[in-house]
Structures are given as structure tokens and as C-alpha cells.
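**Student:** Can you read through this structure? Questions will come right after.
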Amino acid sequence: MRTLRCLDGSVLDVVPVPSLDRGGIPFEVTLELRRDGDTFGAVGERCGYFLADLARRVAAARADGSPQAARWPDPDDRFPDPPPGGAAREPELFAFRYRDRGDVISTGELRCTLRTSSMWVGRQQSATGRWRVARRAVIEAWGASGRGVRAVLTSADLARFLAGVLADADRAGTPGHARRGRASRPAR
């Protein structure tokens with residue numbers, strides 16, 4: 001279980017739950033969301049592969065010598081670039097919803113976007129200051145009731161969160177190959 005402290009003071013726990021094939025063998029994960037210990041939603045059926053890929057891309061972006069390092073001197077501001085053609089104002093790193101056929105729409109969502117902020121450092125209305133530009137990952141979760149929570153993470157925080165979720169998935173019995181090279185395995 002990975003815990004995020006939300007801006008409203010609540011705690012969001014993200015718990016990887018193994019997805020089972022027809023033979024009962026774990027092959028991927030779904031994420032169970034709990035807010036302050038209560039069930040909040042379940043999202044991201046078969047999302048482990050995508051989380052593992054994002055973890056790899058975050059690590060590469062944070063590395064010295066990466067293309068992001070030239071533009072963002074502070075490693076906490078370094079995130080993967082959006083995919084080609086995806087130059088949105090707030091690029092999305094992931095968006096997971098519940099996708100079971102029998103589920104009611106909007107039983108949960110977990111979304112991570114990048115946001116850039118600017119703050120003037122120095123005296124107000126003075127030319128002796130400078131702009132401090134920062135990037136952060138914003139994780140937003142919506143529960144079955146439609147209520148949402150938000151957490152803001154540096155790239156180091158996001159890397160730790162992803163590593164923790166993937167380690168929890170390993171402990172839950174999901175084979176690592178499901179997250180390293182294949183989005184899913186055909187059911188038996």
C-alpha cells in the first residue's frame with residue numbers, strides 16, 4: 001500500500017490488487033483506492049505495465065545528462081516529456097478508470113498531470129528579482145461518490161510512489177514480466 005498525503009489533509013492509499021486470469025493466476029494489477037481508510041474506488045485494470053513504463057521514464061528524466069536536465073536544473077522539476085503530438089497545457093502522465101463491463105461508470109479515477117508554476121523571487125515590483133519556474137506532478141483521485149482529492153508531488157516523490165506501488169504489486173504475487181514488457185497476458 002502506498003500512501004499519498006492530499007492537499008485537503010486526507011490520506012489516499014493506493015493498493016495494487018492482482019488481476020487473475022481464468023485459471024486464477026495473477027498476471028497484472030488493478031489499483032484499489034482508499035481515502036482515510038475507507039474504500040474510495042478501484043481503477044486501472046491491468047495498469048502495472050503502464051506504471052512500470054512511467055517509472056522507467058521518470059528515472060530517465062531525472063538523470064543528469066537527460067534532455068530534461070538541460071531545461072530543468074532542479075531534478076525535482078524533471079519529468080518525462082509528453083508523447084509526440086501530446087503538447088497539452090497540462091500533459092497527462094496517466095489516467096486510470098474502472099473498466100469492468102458490469103461496473104457503473106465513474107466508480108473511480110486516478111489521474112496524474114504535470115503542472116508548471118511561476119513565482120517571482122525577490123521584492124515585489126522590483127527588477128532585482130527573478131522568476132522561479134517549477135514543475136510538479138498532480139495526482140487527482142475521484143471516488144465512487146464523485147468526491148475528489150489531490151496530491152502534489154516532485155519528480156522524486158513520484159518516482160518513490162511508483163517504485164512503492166510496483167514493489168507492492170510484486171509482493172502481491174503479480175509476476176514482474178507483466179509490468180516490464182507486456183500489457184497483459186491472454187486468459188487461459
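Please note that chains go A, B, ... in the order of the C-alpha cells, that every chain numbers its residues from 1, and that ligands are numbered from 1 in the order shown.
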Please give the complete set of residues from segment 1-78 of chain A that DSSP, run on the backbone, assigns to strand (DSSP E or B), formatted as a ChimeraX atom specification.
**Tutor:** /A:2-5,11-20,26-35,38-43
**Student:** Take the selection from the previous step and output its residues with N, CA and C atoms, as a PDB file, in the first residue's frame.
**Tutor:**
ATOM      1  N   ARG A   2       0.643   2.147  -0.916  1.00  0.00           N
ATOM      2  CA  ARG A   2       1.363   3.410  -0.989  1.00  0.00           C
ATOM      3  C   ARG A   2       0.429   4.517  -0.554  1.00  0.00           C
ATOM      4  N   THR A   3       0.951   5.429   0.234  1.00  0.00           N
ATOM      5  CA  THR A   3       0.144   6.486   0.825  1.00  0.00           C
ATOM      6  C   THR A   3       0.534   7.839   0.246  1.00  0.00           C
ATOM      7  N   LEU A   4      -0.472   8.626  -0.089  1.00  0.00           N
ATOM      8  CA  LEU A   4      -0.277   9.998  -0.533  1.00  0.00           C
ATOM      9  C   LEU A   4      -1.007  10.920   0.428  1.00  0.00           C
ATOM     10  N   ARG A   5      -0.345  11.966   0.876  1.00  0.00           N
ATOM     11  CA  ARG A   5      -0.982  12.987   1.706  1.00  0.00           C
ATOM     12  C   ARG A   5      -1.600  14.001   0.755  1.00  0.00           C
ATOM     13  N   VAL A  11      -5.775  11.239   3.584  1.00  0.00           N
ATOM     14  CA  VAL A  11      -4.759  10.285   3.166  1.00  0.00           C
ATOM     15  C   VAL A  11      -5.366   9.377   2.106  1.00  0.00           C
ATOM     16  N   LEU A  12      -4.674   9.255   0.981  1.00  0.00           N
ATOM     17  CA  LEU A  12      -5.107   8.370  -0.085  1.00  0.00           C
ATOM     18  C   LEU A  12      -4.137   7.198  -0.145  1.00  0.00           C
ATOM     19  N   ASP A  13      -4.661   5.995   0.076  1.00  0.00           N
ATOM     20  CA  ASP A  13      -3.857   4.778  -0.039  1.00  0.00           C
ATOM     21  C   ASP A  13      -4.136   4.156  -1.395  1.00  0.00           C
ATOM     22  N   VAL A  14      -3.072   3.741  -2.073  1.00  0.00           N
ATOM     23  CA  VAL A  14      -3.167   3.080  -3.374  1.00  0.00           C
ATOM     24  C   VAL A  14      -2.639   1.665  -3.190  1.00  0.00           C
ATOM     25  N   VAL A  15      -3.527   0.692  -3.357  1.00  0.00           N
ATOM     26  CA  VAL A  15      -3.203  -0.708  -3.085  1.00  0.00           C
ATOM     27  C   VAL A  15      -3.304  -1.517  -4.373  1.00  0.00           C
ATOM     28  N   PRO A  16      -2.178  -2.087  -4.854  1.00  0.00           N
ATOM     29  CA  PRO A  16      -2.267  -2.943  -6.032  1.00  0.00           C
ATOM     30  C   PRO A  16      -2.906  -4.282  -5.671  1.00  0.00           C
ATOM     31  N   VAL A  17      -3.909  -4.657  -6.444  1.00  0.00           N
ATOM     32  CA  VAL A  17      -4.620  -5.918  -6.243  1.00  0.00           C
ATOM     33  C   VAL A  17      -4.400  -6.759  -7.497  1.00  0.00           C
ATOM     34  N   PRO A  18      -3.935  -8.002  -7.351  1.00  0.00           N
ATOM     35  CA  PRO A  18      -3.670  -8.817  -8.540  1.00  0.00           C
ATOM     36  C   PRO A  18      -4.927  -9.035  -9.384  1.00  0.00           C
ATOM     37  N   SER A  19      -4.760  -8.927 -10.702  1.00  0.00           N
ATOM     38  CA  SER A  19      -5.788  -9.322 -11.661  1.00  0.00           C
ATOM     39  C   SER A  19      -5.503 -10.780 -11.996  1.00  0.00           C
ATOM     40  N   LEU A  20      -6.529 -11.606 -11.961  1.00  0.00           N
ATOM     41  CA  LEU A  20      -6.350 -13.038 -12.164  1.00  0.00           C
ATOM     42  C   LEU A  20      -6.872 -13.461 -13.533  1.00  0.00           C
ATOM     43  N   PRO A  26      -2.310 -14.789 -11.040  1.00  0.00           N
ATOM     44  CA  PRO A  26      -2.145 -13.332 -11.183  1.00  0.00           C
ATOM     45  C   PRO A  26      -1.284 -13.009 -12.407  1.00  0.00           C
ATOM     46  N   PHE A  27      -1.728 -12.008 -13.180  1.00  0.00           N
ATOM     47  CA  PHE A  27      -0.946 -11.614 -14.350  1.00  0.00           C
ATOM     48  C   PHE A  27      -0.777 -10.109 -14.461  1.00  0.00           C
ATOM     49  N   GLU A  28      -1.524  -9.318 -13.735  1.00  0.00           N
ATOM     50  CA  GLU A  28      -1.433  -7.859 -13.773  1.00  0.00           C
ATOM     51  C   GLU A  28      -2.069  -7.319 -12.506  1.00  0.00           C
ATOM     52  N   VAL A  29      -2.222  -5.993 -12.422  1.00  0.00           N
ATOM     53  CA  VAL A  29      -2.816  -5.399 -11.224  1.00  0.00           C
ATOM     54  C   VAL A  29      -3.915  -4.404 -11.570  1.00  0.00           C
ATOM     55  N   THR A  30      -4.804  -4.237 -10.605  1.00  0.00           N
ATOM     56  CA  THR A  30      -5.784  -3.164 -10.549  1.00  0.00           C
ATOM     57  C   THR A  30      -5.435  -2.395  -9.279  1.00  0.00           C
ATOM     58  N   LEU A  31      -5.729  -1.113  -9.233  1.00  0.00           N
ATOM     59  CA  LEU A  31      -5.412  -0.310  -8.055  1.00  0.00           C
ATOM     60  C   LEU A  31      -6.679  -0.043  -7.249  1.00  0.00           C
ATOM     61  N   GLU A  32      -6.632  -0.421  -5.986  1.00  0.00           N
ATOM     62  CA  GLU A  32      -7.726  -0.114  -5.063  1.00  0.00           C
ATOM     63  C   GLU A  32      -7.367   1.188  -4.355  1.00  0.00           C
ATOM     64  N   LEU A  33      -8.309   2.120  -4.321  1.00  0.00           N
ATOM     65  CA  LEU A  33      -8.094   3.416  -3.682  1.00  0.00           C
ATOM     66  C   LEU A  33      -8.857   3.454  -2.366  1.00  0.00           C
ATOM     67  N   ARG A  34      -8.168   3.916  -1.323  1.00  0.00           N
ATOM     68  CA  ARG A  34      -8.801   4.093  -0.011  1.00  0.00           C
ATOM     69  C   ARG A  34      -8.493   5.503   0.470  1.00  0.00           C
ATOM     70  N   ARG A  35      -9.527   6.192   0.868  1.00  0.00           N
ATOM     71  CA  ARG A  35      -9.356   7.548   1.414  1.00  0.00           C
ATOM     72  C   ARG A  35      -9.634   7.504   2.903  1.00  0.00           C
ATOM     73  N   ASP A  38     -11.190   4.316   4.183  1.00  0.00           N
ATOM     74  CA  ASP A  38     -12.457   3.853   3.606  1.00  0.00           C
ATOM     75  C   ASP A  38     -12.291   3.588   2.109  1.00  0.00           C
ATOM     76  N   THR A  39     -13.024   2.609   1.602  1.00  0.00           N
ATOM     77  CA  THR A  39     -12.989   2.315   0.177  1.00  0.00           C
ATOM     78  C   THR A  39     -13.381   3.558  -0.606  1.00  0.00           C
ATOM     79  N   PHE A  40     -12.595   3.879  -1.611  1.00  0.00           N
ATOM     80  CA  PHE A  40     -12.804   5.097  -2.395  1.00  0.00           C
ATOM     81  C   PHE A  40     -13.078   4.763  -3.856  1.00  0.00           C
ATOM     82  N   GLY A  41     -12.497   3.679  -4.360  1.00  0.00           N
ATOM     83  CA  GLY A  41     -12.695   3.279  -5.742  1.00  0.00           C
ATOM     84  C   GLY A  41     -11.690   2.221  -6.135  1.00  0.00           C
ATOM     85  N   ALA A  42     -11.831   1.702  -7.329  1.00  0.00           N
ATOM     86  CA  ALA A  42     -10.884   0.746  -7.905  1.00  0.00           C
ATOM     87  C   ALA A  42     -10.684   1.149  -9.353  1.00  0.00           C
ATOM     88  N   VAL A  43      -9.416   1.245  -9.777  1.00  0.00           N
ATOM     89  CA  VAL A  43      -9.106   1.781 -11.100  1.00  0.00           C
ATOM     90  C   VAL A  43      -7.970   1.015 -11.756  1.00  0.00           C
TER      91      VAL A  43
END
**Student:** Determine, counting only C-alpha atoms, which protein, DNA and RNA residues have an atom within 8 Å of an atom of Glu140 of chain A; residues of the same chain fewer than 3 positions away are not included. Present the result as a PyMOL selection string.
**Tutor:** chain A and resi 109-112+148-151
**Student:** List the neighbours of Glu92 of chain A out to 12 Å using only C-alpha atoms; skip same-chain residues closer than 4 positions along the sequence, and give me the result as a list in words.
**Tutor:** Leu54, Phe79, Pro80, Asp81, Pro82, Pro83, Gly86, Ala87, Ala88, Phe96, Leu110, Arg111, Cys112, Thr113, Leu114, Arg115, Arg136, Ala137, Val138, Ile139 and Glu140 of chain A
**Student:** Could you pull out the residues in segment 19-115 of chain A that DSSP calls helix (DSSP H, G or I) from the backbone, as number ranges by chain?
**Tutor:** A: 48-62, 67-71, 75-77
**Student:** I want to know what sits within 8 Å of Ser118 of chain A, based on only C-alpha atoms, with residues of the same chain fewer than 3 positions away left out; could you give that as number ranges by chain?
**Tutor:** A: 131-134
**Student:** Which distance in Å separates atom CA of Ser145 of chain A and atom CA of Arg97 of chain A, to one decimal?
**Tutor:**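 Between atom CA of Ser145 of chain A and atom CA of Arg97 of chain A the gap is 14.1 Å.
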**Student:** Neighbouring residues of Arg57 of chain A were defined as those with any atom within 12 Å, considering only C-alpha atoms; residues of the same chain fewer than 4 positions away were excluded. Please report them as a compact mmCIF listing (two decimals) with all heavy atoms, in the first residue's frame.
**Tutor:**
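The new file selection11.txt reads:
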# COMPACT_ATOMS: atom_id res chain seq x y z
N PHE A 50 1.93 -0.11 -17.50
CA PHE A 50 2.00 1.33 -17.75
C PHE A 50 2.71 2.06 -16.60
O PHE A 50 3.47 2.99 -16.84
CB PHE A 50 0.60 1.89 -17.99
CG PHE A 50 -0.08 1.25 -19.16
CD1 PHE A 50 -1.07 0.30 -18.98
CD2 PHE A 50 0.31 1.55 -20.47
CE1 PHE A 50 -1.67 -0.32 -20.06
CE2 PHE A 50 -0.28 0.94 -21.55
CZ PHE A 50 -1.28 -0.01 -21.35
N LEU A 51 2.47 1.62 -15.36
CA LEU A 51 3.15 2.23 -14.22
C LEU A 51 4.65 1.94 -14.27
O LEU A 51 5.47 2.82 -13.96
CB LEU A 51 2.55 1.73 -12.91
CG LEU A 51 1.13 2.21 -12.62
CD1 LEU A 51 0.59 1.52 -11.37
CD2 LEU A 51 1.07 3.72 -12.48
N ALA A 52 5.02 0.71 -14.65
CA ALA A 52 6.44 0.36 -14.75
C ALA A 52 7.12 1.18 -15.84
O ALA A 52 8.26 1.66 -15.66
CB ALA A 52 6.60 -1.13 -15.02
N ASP A 53 6.44 1.37 -16.96
CA ASP A 53 7.00 2.18 -18.04
C ASP A 53 7.17 3.63 -17.59
O ASP A 53 8.20 4.26 -17.85
CB ASP A 53 6.10 2.11 -19.27
CG ASP A 53 6.66 2.95 -20.42
OD1 ASP A 53 7.79 2.64 -20.88
OD2 ASP A 53 5.98 3.91 -20.84
N ALA A 61 14.30 10.77 -16.97
CA ALA A 61 14.17 12.23 -16.99
C ALA A 61 14.94 12.88 -15.84
O ALA A 61 15.50 13.97 -16.01
CB ALA A 61 12.70 12.63 -16.94
N ARG A 62 14.97 12.23 -14.69
CA ARG A 62 15.65 12.79 -13.51
C ARG A 62 17.17 12.70 -13.61
O ARG A 62 17.88 13.43 -12.93
CB ARG A 62 15.20 12.07 -12.24
CG ARG A 62 13.79 12.45 -11.81
CD ARG A 62 13.42 11.78 -10.49
NE ARG A 62 14.41 11.93 -9.45
CZ ARG A 62 14.62 13.03 -8.72
NH1 ARG A 62 13.91 14.12 -8.94
NH2 ARG A 62 15.55 13.06 -7.78
N ALA A 63 17.68 11.85 -14.47
CA ALA A 63 19.13 11.62 -14.56
C ALA A 63 19.86 12.85 -15.08
O ALA A 63 19.37 13.56 -15.96
CB ALA A 63 19.39 10.43 -15.48
N SER A 66 20.20 14.04 -18.97
CA SER A 66 18.98 13.80 -19.73
C SER A 66 18.59 15.07 -20.48
O SER A 66 19.02 16.17 -20.12
CB SER A 66 17.84 13.39 -18.79
OG SER A 66 17.42 14.50 -18.01
N PRO A 67 17.77 14.95 -21.51
CA PRO A 67 17.29 16.17 -22.19
C PRO A 67 16.57 17.12 -21.24
O PRO A 67 16.65 18.34 -21.38
CB PRO A 67 16.34 15.64 -23.27
CG PRO A 67 16.77 14.23 -23.50
CD PRO A 67 17.30 13.74 -22.18
N GLN A 68 15.88 16.57 -20.25
CA GLN A 68 15.16 17.41 -19.28
C GLN A 68 16.13 18.17 -18.37
O GLN A 68 15.83 19.28 -17.91
CB GLN A 68 14.22 16.56 -18.43
CG GLN A 68 13.06 15.98 -19.21
CD GLN A 68 13.41 14.70 -19.95
OE1 GLN A 68 14.54 14.23 -19.93
NE2 GLN A 68 12.42 14.13 -20.63
N ARG A 78 12.12 17.66 -13.03
CA ARG A 78 12.31 16.87 -14.25
C ARG A 78 11.30 15.73 -14.33
O ARG A 78 11.27 14.84 -13.49
CB ARG A 78 13.72 16.30 -14.30
CG ARG A 78 14.79 17.36 -14.36
CD ARG A 78 16.15 16.72 -14.38
NE ARG A 78 17.17 17.70 -14.03
CZ ARG A 78 18.38 17.37 -13.60
NH1 ARG A 78 18.73 16.10 -13.50
NH2 ARG A 78 19.24 18.31 -13.29
N PHE A 79 10.51 15.77 -15.38
CA PHE A 79 9.51 14.74 -15.67
C PHE A 79 9.64 14.34 -17.13
O PHE A 79 10.18 15.10 -17.93
CB PHE A 79 8.09 15.28 -15.40
CG PHE A 79 7.81 15.54 -13.96
CD1 PHE A 79 8.06 16.79 -13.41
CD2 PHE A 79 7.31 14.54 -13.14
CE1 PHE A 79 7.79 17.04 -12.07
CE2 PHE A 79 7.04 14.78 -11.80
CZ PHE A 79 7.28 16.03 -11.26
N PRO A 80 9.12 13.17 -17.50
CA PRO A 80 9.18 12.78 -18.91
C PRO A 80 8.42 13.77 -19.78
O PRO A 80 7.42 14.34 -19.36
CB PRO A 80 8.49 11.42 -18.94
CG PRO A 80 8.37 10.97 -17.53
CD PRO A 80 8.45 12.18 -16.66
N ASP A 81 8.93 13.96 -20.99
CA ASP A 81 8.21 14.80 -21.95
C ASP A 81 6.94 14.10 -22.38
O ASP A 81 6.88 12.86 -22.40
CB ASP A 81 9.09 15.08 -23.17
CG ASP A 81 10.25 16.02 -22.83
OD1 ASP A 81 10.08 16.87 -21.93
OD2 ASP A 81 11.31 15.90 -23.45
N PRO A 82 5.91 14.87 -22.74
CA PRO A 82 4.69 14.24 -23.23
C PRO A 82 4.97 13.54 -24.56
O PRO A 82 5.92 13.89 -25.26
CB PRO A 82 3.72 15.40 -23.41
CG PRO A 82 4.56 16.62 -23.46
CD PRO A 82 5.83 16.32 -22.72
N PRO A 83 4.15 12.56 -24.92
CA PRO A 83 4.35 11.88 -26.19
C PRO A 83 4.19 12.86 -27.36
O PRO A 83 3.55 13.89 -27.21
CB PRO A 83 3.25 10.82 -26.22
CG PRO A 83 2.36 11.08 -25.07
CD PRO A 83 3.01 12.07 -24.17
N LEU A 93 0.36 12.15 -17.43
CA LEU A 93 1.28 11.02 -17.31
C LEU A 93 0.52 9.70 -17.25
O LEU A 93 1.00 8.69 -17.72
CB LEU A 93 2.17 11.18 -16.08
CG LEU A 93 3.13 12.37 -16.13
CD1 LEU A 93 3.92 12.48 -14.83
CD2 LEU A 93 4.06 12.27 -17.32
N SER A 155 9.24 15.24 -8.81
CA SER A 155 9.57 14.04 -9.58
C SER A 155 10.17 12.96 -8.68
O SER A 155 9.95 11.77 -8.91
CB SER A 155 10.48 14.36 -10.76
OG SER A 155 11.73 14.82 -10.32
N LEU A 158 7.24 11.31 -7.00
CA LEU A 158 6.54 10.44 -7.95
C LEU A 158 7.33 9.15 -8.19
O LEU A 158 6.76 8.07 -8.23
CB LEU A 158 6.29 11.17 -9.27
CG LEU A 158 5.55 10.37 -10.34
CD1 LEU A 158 4.16 9.94 -9.85
CD2 LEU A 158 5.45 11.17 -11.64
N ALA A 159 8.65 9.26 -8.32
CA ALA A 159 9.49 8.08 -8.52
C ALA A 159 9.36 7.11 -7.33
O ALA A 159 9.22 5.90 -7.52
CB ALA A 159 10.95 8.48 -8.72
N LEU A 162 5.81 5.45 -7.42
CA LEU A 162 5.72 4.41 -8.43
C LEU A 162 6.51 3.17 -8.03
O LEU A 162 6.02 2.04 -8.17
CB LEU A 162 6.21 4.94 -9.78
CG LEU A 162 5.36 6.02 -10.43
CD1 LEU A 162 6.08 6.65 -11.61
CD2 LEU A 162 4.00 5.48 -10.83
**Student:** Which one of A:Ala127, A:Ala141, A:Met1, A:Leu7 sits closest to Ala167 of chain A if you count only C-alpha atoms?
**Tutor:**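 Between A:Ala127, A:Ala141, A:Met1, A:Leu7, the residue approaching Ala167 of chain A most closely is A:Met1.
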